[in-house]
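Data from start_31.cif: mmCIF, C-alpha atoms
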data_upload
loop_
_atom_site.group_PDB
_atom_site.id
_atom_site.type_symbol
_atom_site.label_atom_id
_atom_site.label_comp_id
_atom_site.auth_asym_id
_atom_site.auth_seq_id
_atom_site.Cartn_x
_atom_site.Cartn_y
_atom_site.Cartn_z
ATOM 1 C CA MET A 11 0.000 0.000 0.000
ATOM 2 C CA LYS A 12 2.884 2.385 0.747
ATOM 3 C CA SER A 13 3.979 2.194 -2.886
ATOM 4 C CA LYS A 14 0.637 3.733 -3.922
ATOM 5 C CA ILE A 15 1.126 6.929 -1.880
ATOM 6 C CA PRO A 16 2.779 8.898 -4.744
ATOM 7 C CA VAL A 17 -0.017 7.925 -7.160
ATOM 8 C CA ILE A 18 -2.640 8.871 -4.552
ATOM 9 C CA LEU A 19 -0.972 12.281 -4.124
ATOM 10 C CA ILE A 20 -0.868 12.814 -7.890
ATOM 11 C CA PHE A 21 -4.557 12.001 -8.362
ATOM 12 C CA ALA A 22 -5.458 14.032 -5.253
ATOM 13 C CA ARG A 23 -3.938 17.052 -7.022
ATOM 14 C CA LEU A 24 -6.072 16.345 -10.087
ATOM 15 C CA ILE A 25 -9.214 16.189 -7.938
ATOM 16 C CA ILE A 26 -8.229 19.371 -6.096
ATOM 17 C CA GLY A 27 -7.968 21.199 -9.429
ATOM 18 C CA PHE A 28 -11.495 20.190 -10.388
ATOM 19 C CA ILE A 29 -12.792 21.109 -6.916
ATOM 20 C CA ILE A 30 -11.313 24.598 -7.297
ATOM 21 C CA ILE A 31 -13.104 25.016 -10.643
ATOM 22 C CA SER A 32 -16.373 23.771 -9.118
ATOM 23 C CA LEU A 33 -16.113 26.157 -6.169
ATOM 24 C CA SER A 34 -15.401 28.992 -8.558
ATOM 25 C CA LEU A 35 -18.453 28.164 -10.655
ATOM 26 C CA ILE A 36 -20.833 28.030 -7.701
ATOM 27 C CA LYS A 37 -19.267 31.181 -6.197
ATOM 28 C CA VAL A 38 -18.898 29.917 -2.633
ATOM 29 C CA GLU A 39 -18.464 32.312 0.237
ATOM 30 C CA ASN A 40 -14.814 32.819 1.280
ATOM 31 C CA TYR A 41 -13.657 31.519 -2.091
ATOM 32 C CA GLN A 42 -10.270 33.246 -1.850
ATOM 33 C CA ILE A 43 -9.292 31.492 1.374
ATOM 34 C CA ILE A 44 -10.608 28.100 0.275
ATOM 35 C CA ALA A 45 -8.913 28.357 -3.132
ATOM 36 C CA ALA A 46 -5.606 29.446 -1.581
ATOM 37 C CA VAL A 47 -5.685 26.541 0.882
ATOM 38 C CA LEU A 48 -6.524 24.047 -1.884
ATOM 39 C CA LEU A 49 -3.855 25.526 -4.171
ATOM 40 C CA SER A 50 -1.326 25.222 -1.330
ATOM 41 C CA ILE A 51 -2.329 21.600 -0.696
ATOM 42 C CA GLY A 52 -1.986 20.945 -4.427
ATOM 43 C CA LEU A 53 1.517 22.439 -4.400
ATOM 44 C CA LEU A 54 2.465 20.317 -1.384
ATOM 45 C CA THR A 55 1.215 17.133 -3.098
ATOM 46 C CA ASP A 56 3.337 18.134 -6.097
ATOM 47 C CA ILE A 57 6.421 18.472 -3.912
ATOM 48 C CA PHE A 58 5.927 15.362 -1.813
ATOM 49 C CA ASP A 59 4.798 12.884 -4.470
ATOM 50 C CA GLY A 60 8.291 12.817 -5.970
ATOM 51 C CA ILE A 61 10.100 12.837 -2.632
ATOM 52 C CA ILE A 62 8.000 9.936 -1.367
ATOM 53 C CA ALA A 63 8.329 8.027 -4.659
ATOM 54 C CA ARG A 64 12.131 8.281 -4.490
ATOM 55 C CA TYR A 65 12.152 7.350 -0.786
ATOM 56 C CA LEU A 66 9.992 4.268 -1.457
ATOM 57 C CA ASP A 67 12.049 3.492 -4.569
ATOM 58 C CA VAL A 68 8.954 3.453 -6.806
ATOM 59 C CA SER A 69 9.920 6.405 -9.017
ATOM 60 C CA THR A 70 9.571 5.448 -12.680
ATOM 61 C CA GLN A 71 9.476 7.333 -15.952
ATOM 62 C CA LYS A 72 5.767 6.516 -16.241
ATOM 63 C CA LEU A 73 5.091 7.988 -12.795
ATOM 64 C CA ARG A 74 7.099 11.140 -13.609
ATOM 65 C CA ARG A 75 5.172 11.621 -16.860
ATOM 66 C CA LEU A 76 1.860 11.136 -15.021
ATOM 67 C CA ASP A 77 3.011 13.709 -12.470
ATOM 68 C CA SER A 78 3.935 16.208 -15.205
ATOM 69 C CA THR A 79 0.612 15.756 -16.986
ATOM 70 C CA VAL A 80 -1.398 16.163 -13.792
ATOM 71 C CA ASP A 81 0.680 19.247 -12.885
ATOM 72 C CA GLN A 82 -0.359 20.846 -16.168
ATOM 73 C CA ILE A 83 -4.016 19.942 -15.694
ATOM 74 C CA PHE A 84 -3.933 21.197 -12.096
ATOM 75 C CA PHE A 85 -2.493 24.606 -12.924
ATOM 76 C CA ILE A 86 -4.733 24.996 -15.974
ATOM 77 C CA SER A 87 -7.702 24.195 -13.699
ATOM 78 C CA VAL A 88 -6.622 26.839 -11.202
ATOM 79 C CA GLY A 89 -6.126 29.299 -14.067
ATOM 80 C CA VAL A 90 -9.622 28.577 -15.385
ATOM 81 C CA ALA A 91 -11.107 29.009 -11.906
ATOM 82 C CA THR A 92 -9.243 32.290 -11.505
ATOM 83 C CA TYR A 93 -10.556 33.433 -14.888
ATOM 84 C CA ILE A 94 -14.111 32.615 -13.786
ATOM 85 C CA GLN A 95 -13.619 34.676 -10.633
ATOM 86 C CA CYS A 96 -11.668 37.533 -12.191
ATOM 87 C CA PRO A 97 -12.052 37.856 -15.974
ATOM 88 C CA VAL A 98 -11.039 41.525 -15.838
ATOM 89 C CA PHE A 99 -7.496 40.534 -14.820
ATOM 90 C CA PHE A 100 -7.178 38.294 -17.871
ATOM 91 C CA GLU A 101 -8.714 40.902 -20.181
ATOM 92 C CA THR A 102 -6.299 43.524 -18.863
ATOM 93 C CA HIS A 103 -3.264 41.278 -19.403
ATOM 94 C CA VAL A 104 -4.381 39.307 -22.463
ATOM 95 C CA TYR A 105 -1.265 40.064 -24.518
ATOM 96 C CA LYS A 106 1.208 39.212 -21.779
ATOM 97 C CA ILE A 107 -0.651 36.030 -20.878
ATOM 98 C CA SER A 108 -0.812 35.104 -24.577
ATOM 99 C CA ILE A 109 2.958 35.506 -24.891
ATOM 100 C CA LEU A 110 3.491 33.262 -21.854
ATOM 101 C CA ALA A 111 1.040 30.649 -23.153
ATOM 102 C CA GLY A 112 2.657 30.794 -26.603
ATOM 103 C CA ALA A 113 6.120 30.326 -25.103
ATOM 104 C CA GLU A 114 4.878 27.341 -23.133
ATOM 105 C CA ALA A 115 3.309 25.820 -26.250
ATOM 106 C CA LEU A 116 6.539 26.430 -28.172
ATOM 107 C CA ILE A 117 8.516 24.566 -25.503
ATOM 108 C CA TYR A 118 6.232 21.564 -25.930
ATOM 109 C CA LEU A 119 6.443 21.729 -29.715
ATOM 110 C CA VAL A 120 10.243 21.913 -29.738
ATOM 111 C CA SER A 121 10.488 19.104 -27.185
ATOM 112 C CA PHE A 122 8.211 16.869 -29.213
ATOM 113 C CA LEU A 123 9.942 17.624 -32.512
ATOM 114 C CA LYS A 124 13.437 17.200 -31.094
ATOM 115 C CA PHE A 125 12.941 14.342 -28.609
ATOM 116 C CA ARG A 126 9.661 12.789 -29.774
ATOM 117 C CA LYS A 127 8.136 13.102 -26.305
ATOM 118 C CA GLU A 128 6.464 15.710 -24.152
ATOM 119 C CA VAL A 129 8.303 17.899 -21.696
ATOM 120 C CA ALA A 130 9.007 16.358 -18.310
ATOM 121 C CA THR A 131 8.634 19.244 -15.887
ATOM 122 C CA HIS A 132 11.158 18.172 -13.263
ATOM 123 C CA SER A 133 13.999 20.616 -13.896
ATOM 124 C CA ILE A 134 15.013 23.383 -11.501
ATOM 125 C CA GLY A 135 13.673 25.949 -13.988
ATOM 126 C CA ALA A 136 10.296 24.214 -14.030
ATOM 127 C CA LYS A 137 10.189 24.211 -10.226
ATOM 128 C CA ILE A 138 10.976 27.949 -10.126
ATOM 129 C CA TRP A 139 8.258 28.560 -12.751
ATOM 130 C CA THR A 140 5.803 26.560 -10.600
ATOM 131 C CA LEU A 141 6.587 28.698 -7.546
ATOM 132 C CA LEU A 142 6.187 31.927 -9.557
ATOM 133 C CA LEU A 143 2.895 30.661 -10.973
ATOM 134 C CA PHE A 144 1.741 29.657 -7.486
ATOM 135 C CA GLY A 145 2.617 33.077 -6.066
ATOM 136 C CA THR A 146 0.957 34.889 -8.947
ATOM 137 C CA LEU A 147 -2.248 32.859 -8.685
ATOM 138 C CA ILE A 148 -2.400 33.446 -4.919
ATOM 139 C CA GLN A 149 -1.895 37.172 -5.516
ATOM 140 C CA VAL A 150 -4.618 37.347 -8.159
ATOM 141 C CA ILE A 151 -7.020 35.238 -6.075
ATOM 142 C CA PHE A 152 -6.624 37.481 -3.015
ATOM 143 C CA THR A 153 -6.653 40.821 -4.796
ATOM 144 C CA MET A 154 -9.323 40.180 -7.427
ATOM 145 C CA SER A 155 -12.213 41.357 -5.288
ATOM 146 C CA VAL A 156 -10.367 44.473 -4.155
ATOM 147 C CA CYS A 157 -8.522 45.719 -7.215
ATOM 148 C CA HIS A 158 -8.934 44.532 -10.790
ATOM 149 C CA SER A 159 -5.787 46.233 -11.995
ATOM 150 C CA VAL A 160 -3.284 43.979 -10.243
ATOM 151 C CA GLN A 161 -0.089 43.427 -12.179
ATOM 152 C CA PRO A 162 1.702 40.410 -10.697
ATOM 153 C CA LEU A 163 5.444 39.847 -10.537
ATOM 154 C CA PHE A 164 5.752 37.640 -13.620
ATOM 155 C CA LEU A 165 3.887 40.167 -15.787
ATOM 156 C CA GLY A 166 6.324 42.921 -14.870
ATOM 157 C CA TRP A 167 6.786 45.748 -12.429
ATOM 158 C CA PRO A 168 5.520 48.076 -11.254
ATOM 159 C CA ALA A 169 2.297 46.843 -9.736
ATOM 160 C CA TYR A 170 0.808 50.261 -10.338
ATOM 161 C CA LYS A 171 -1.977 50.548 -12.865
ATOM 162 C CA GLY A 172 -3.967 53.687 -13.425
ATOM 163 C CA ARG A 173 -4.800 55.798 -10.412
ATOM 164 C CA ASP A 174 -4.776 53.189 -7.649
ATOM 165 C CA TYR A 175 -1.981 51.223 -6.134
ATOM 166 C CA CYS A 176 -3.460 47.776 -5.647
ATOM 167 C CA TYR A 177 -1.310 46.534 -2.819
ATOM 168 C CA SER A 178 -1.590 49.594 -0.617
ATOM 169 C CA PHE A 179 -5.324 49.765 -1.363
ATOM 170 C CA TYR A 180 -5.660 46.117 -0.358
ATOM 171 C CA ILE A 181 -3.607 46.460 2.846
ATOM 172 C CA GLU A 182 -5.356 49.675 3.909
ATOM 173 C CA ASN A 183 -8.755 48.015 3.547
ATOM 174 C CA LEU A 184 -8.019 44.752 5.328
ATOM 175 C CA ASP A 185 -9.447 46.030 8.594
ATOM 176 C CA GLU A 186 -12.768 47.089 7.052
#

What do you get writing this file as structure tokens?
Amino acid sequence: MKSKIPVILIFARLIIGFIIISLSLIKVENYQIIAAVLLSIGLLTDIFDGIIARYLDVSTQKLRRLDSTVDQIFFISVGVATYIQCPVFFETHVYKISILAGAEALIYLVSFLKFRKEVATHSIGAKIWTLLLFGTLIQVIFTMSVCHSVQPLFLGWPAYKGRDYCYSFYIENLDE
């Protein structure tokens, strides 16, 4: 049974992604907190599935590919849920997001053409990208109801858009 723990963690992340979309669609109360907790749990399952698989000596190429595929589905699910909750953010940054999505698609295309297989997202660069994506999604989730002009770190500084400074506006209004 211990050897199944990594697979359970991988599929738990998949389920968490779909739960986040569902909660976004039904517009539950306290969505930001629930989504952030679920996103954090998803990130932790992503970290620990590989560590546990290596510790139990059950890490295989098939398991790593499953993990990479579920990672993509998970973060796409969170992105979709965030879009449902905050379409203005995506409309405001459509060109920058399109460039990022295009670059990601290009990476997959080059990998497939050169190596005849999909990208395995287990490099240090991929882990850094995951942490940046996690931080950005948390930022957008928590600021979407306060300020629709948030410009997160990966889309470039400064985080100032128009006449309001999103972060200071958010912090000043936390007590209200």

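What the PyMOL selection byres ((chain A and resi 60-69) around 8) picks from this file is Lys12, Ser13, Ile15, Pro16, Asp56, Ile57, Phe58, Asp59, Thr70, Gln71, Leu73 and Arg74 of chain A.
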
Keeping C-alpha atoms for every residue in the selection just given, could you write it to a file as an mmCIF file, keeping the file's coordinate frame?
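As a result, again05.cif now contains:
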data_model
loop_
_atom_site.group_PDB
_atom_site.id
_atom_site.type_symbol
_atom_site.label_atom_id
_atom_site.label_comp_id
_atom_site.auth_asym_id
_atom_site.auth_seq_id
_atom_site.Cartn_x
_atom_site.Cartn_y
_atom_site.Cartn_z
ATOM 1 C CA LYS A 12 2.884 2.385 0.747
ATOM 2 C CA SER A 13 3.979 2.194 -2.886
ATOM 3 C CA ILE A 15 1.126 6.929 -1.880
ATOM 4 C CA PRO A 16 2.779 8.898 -4.744
ATOM 5 C CA ASP A 56 3.337 18.134 -6.097
ATOM 6 C CA ILE A 57 6.421 18.472 -3.912
ATOM 7 C CA PHE A 58 5.927 15.362 -1.813
ATOM 8 C CA ASP A 59 4.798 12.884 -4.470
ATOM 9 C CA THR A 70 9.571 5.448 -12.680
ATOM 10 C CA GLN A 71 9.476 7.333 -15.952
ATOM 11 C CA LEU A 73 5.091 7.988 -12.795
ATOM 12 C CA ARG A 74 7.099 11.140 -13.609
#

Coordinates-based distance that separates CA of Ser32 in chain A from CA of Ile151 in chain A (Å, one decimal)
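Between these atoms lies a distance of 15.1 Å.
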
Tell me which of A:Glu114, A:Phe100, A:Ile25, A:Phe122 sits closest to Ile83 in chain A, counting only C-alpha atoms.
A:Ile25

Taking into account all atoms listed in the file, which residue in the set A:Thr140, A:Val120, A:Ile107, A:Ala46 is nearest to Leu33 in chain A?
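Counting all atoms listed in the file, the residue closest to Leu33 in chain A is A:Ala46.
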
Given all atoms listed in the file as the basis, pick out the residue of A:Ile109, A:Ile30, A:Val38, A:Val88 nearest to Thr146 in chain A.
A:Val88

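With distances restricted to all atoms listed in the file, A:Tyr93 is the closest residue to Ile31 in chain A from A:Phe99, A:Phe125, A:Trp139, A:Tyr93.
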
Straight-line distance linking CA of Ile51 in chain A with CA of Ala22 in chain A, stated in Å to one decimal:
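Spanning CA of Ile51 in chain A to CA of Ala22 in chain A is a straight-line distance of 9.4 Å.
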
The PyMOL selection byres ((chain A and resi 128) around 12) applied to the shown file, residues as an MDAnalysis selection string
chainID A and resid 74:76 78:79 82 114:127 129:131

What does the distance between CA of Val47 in chain A and CA of Phe84 in chain A come to in Å, to one decimal place?
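If I compute the distance from CA of Val47 in chain A to CA of Phe84 in chain A, I get 14.1 Å.
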
Name all residues at most 8 Å from Leu49 in chain A (count all atoms listed in the file; drop same-chain ones fewer than 4 positions away) and give them as a PDB file with C-alpha atoms, keeping the file's coordinate frame.
ATOM      1  CA  ILE A  26      -8.229  19.371  -6.096  1.00  0.00           C
ATOM      2  CA  GLY A  27      -7.968  21.199  -9.429  1.00  0.00           C
ATOM      3  CA  ALA A  45      -8.913  28.357  -3.132  1.00  0.00           C
ATOM      4  CA  LEU A  53       1.517  22.439  -4.400  1.00  0.00           C
ATOM      5  CA  VAL A  88      -6.622  26.839 -11.202  1.00  0.00           C
ATOM      6  CA  PHE A 144       1.741  29.657  -7.486  1.00  0.00           C
TER       7      PHE A 144
END

Mind filling out range 112-147 of chain A with N, CA and C atoms and sending it as a tab-separated table (two decimals), in the frame of the given file?
chain	number	residue	atom	x	y	z
A	112	GLY	N	1.99	31.13	-25.35
A	112	GLY	CA	2.66	30.79	-26.60
A	112	GLY	C	4.05	30.24	-26.37
A	113	ALA	N	4.78	30.83	-25.43
A	113	ALA	CA	6.12	30.33	-25.10
A	113	ALA	C	6.04	28.91	-24.54
A	114	GLU	N	5.07	28.68	-23.70
A	114	GLU	CA	4.88	27.34	-23.13
A	114	GLU	C	4.55	26.33	-24.23
A	115	ALA	N	3.66	26.71	-25.13
A	115	ALA	CA	3.31	25.82	-26.25
A	115	ALA	C	4.52	25.56	-27.14
A	116	LEU	N	5.33	26.58	-27.36
A	116	LEU	CA	6.54	26.43	-28.17
A	116	LEU	C	7.53	25.45	-27.53
A	117	ILE	N	7.64	25.51	-26.21
A	117	ILE	CA	8.52	24.57	-25.50
A	117	ILE	C	8.06	23.13	-25.75
A	118	TYR	N	6.76	22.91	-25.69
A	118	TYR	CA	6.23	21.56	-25.93
A	118	TYR	C	6.45	21.13	-27.37
A	119	LEU	N	6.25	22.04	-28.30
A	119	LEU	CA	6.44	21.73	-29.72
A	119	LEU	C	7.90	21.37	-30.00
A	120	VAL	N	8.82	22.18	-29.52
A	120	VAL	CA	10.24	21.91	-29.74
A	120	VAL	C	10.64	20.59	-29.09
A	121	SER	N	10.17	20.35	-27.87
A	121	SER	CA	10.49	19.10	-27.18
A	121	SER	C	9.99	17.90	-27.97
A	122	PHE	N	8.76	18.01	-28.47
A	122	PHE	CA	8.21	16.87	-29.21
A	122	PHE	C	8.96	16.66	-30.53
A	123	LEU	N	9.25	17.75	-31.23
A	123	LEU	CA	9.94	17.62	-32.51
A	123	LEU	C	11.37	17.11	-32.34
A	124	LYS	N	12.04	17.57	-31.30
A	124	LYS	CA	13.44	17.20	-31.09
A	124	LYS	C	13.60	15.83	-30.43
A	125	PHE	N	12.76	15.56	-29.40
A	125	PHE	CA	12.94	14.34	-28.61
A	125	PHE	C	11.84	13.31	-28.79
A	126	ARG	N	10.80	13.68	-29.53
A	126	ARG	CA	9.66	12.79	-29.77
A	126	ARG	C	8.91	12.40	-28.50
A	127	LYS	N	8.92	13.31	-27.53
A	127	LYS	CA	8.14	13.10	-26.30
A	127	LYS	C	7.84	14.45	-25.68
A	128	GLU	N	6.84	14.46	-24.80
A	128	GLU	CA	6.46	15.71	-24.15
A	128	GLU	C	7.49	16.11	-23.11
A	129	VAL	N	7.39	17.36	-22.69
A	129	VAL	CA	8.30	17.90	-21.70
A	129	VAL	C	8.04	17.23	-20.35
A	130	ALA	N	9.12	16.83	-19.69
A	130	ALA	CA	9.01	16.36	-18.31
A	130	ALA	C	9.39	17.54	-17.43
A	131	THR	N	8.45	18.00	-16.64
A	131	THR	CA	8.63	19.24	-15.89
A	131	THR	C	9.27	18.99	-14.53
A	132	HIS	N	10.49	18.46	-14.53
A	132	HIS	CA	11.16	18.17	-13.26
A	132	HIS	C	12.51	18.86	-13.15
A	133	SER	N	12.74	19.87	-13.97
A	133	SER	CA	14.00	20.62	-13.90
A	133	SER	C	13.88	21.71	-12.84
A	134	ILE	N	15.02	22.28	-12.47
A	134	ILE	CA	15.01	23.38	-11.50
A	134	ILE	C	14.23	24.56	-12.06
A	135	GLY	N	14.41	24.85	-13.35
A	135	GLY	CA	13.67	25.95	-13.99
A	135	GLY	C	12.17	25.74	-13.91
A	136	ALA	N	11.73	24.51	-14.11
A	136	ALA	CA	10.30	24.21	-14.03
A	136	ALA	C	9.78	24.39	-12.60
A	137	LYS	N	10.60	24.05	-11.63
A	137	LYS	CA	10.19	24.21	-10.23
A	137	LYS	C	10.09	25.70	-9.87
A	138	ILE	N	11.03	26.50	-10.37
A	138	ILE	CA	10.98	27.95	-10.13
A	138	ILE	C	9.74	28.54	-10.80
A	139	TRP	N	9.46	28.11	-12.04
A	139	TRP	CA	8.26	28.56	-12.75
A	139	TRP	C	7.00	28.20	-11.95
A	140	THR	N	6.96	26.99	-11.39
A	140	THR	CA	5.80	26.56	-10.60
A	140	THR	C	5.61	27.46	-9.39
A	141	LEU	N	6.70	27.82	-8.72
A	141	LEU	CA	6.59	28.70	-7.55
A	141	LEU	C	6.14	30.10	-7.95
A	142	LEU	N	6.64	30.62	-9.07
A	142	LEU	CA	6.19	31.93	-9.56
A	142	LEU	C	4.71	31.89	-9.93
A	143	LEU	N	4.30	30.82	-10.60
A	143	LEU	CA	2.90	30.66	-10.97
A	143	LEU	C	2.01	30.56	-9.73
A	144	PHE	N	2.46	29.78	-8.75
A	144	PHE	CA	1.74	29.66	-7.49
A	144	PHE	C	1.57	31.02	-6.83
A	145	GLY	N	2.67	31.76	-6.69
A	145	GLY	CA	2.62	33.08	-6.07
A	145	GLY	C	1.71	34.04	-6.81
A	146	THR	N	1.79	34.00	-8.13
A	146	THR	CA	0.96	34.89	-8.95
A	146	THR	C	-0.52	34.54	-8.79
A	147	LEU	N	-0.85	33.26	-8.83
A	147	LEU	CA	-2.25	32.86	-8.68
A	147	LEU	C	-2.79	33.22	-7.30
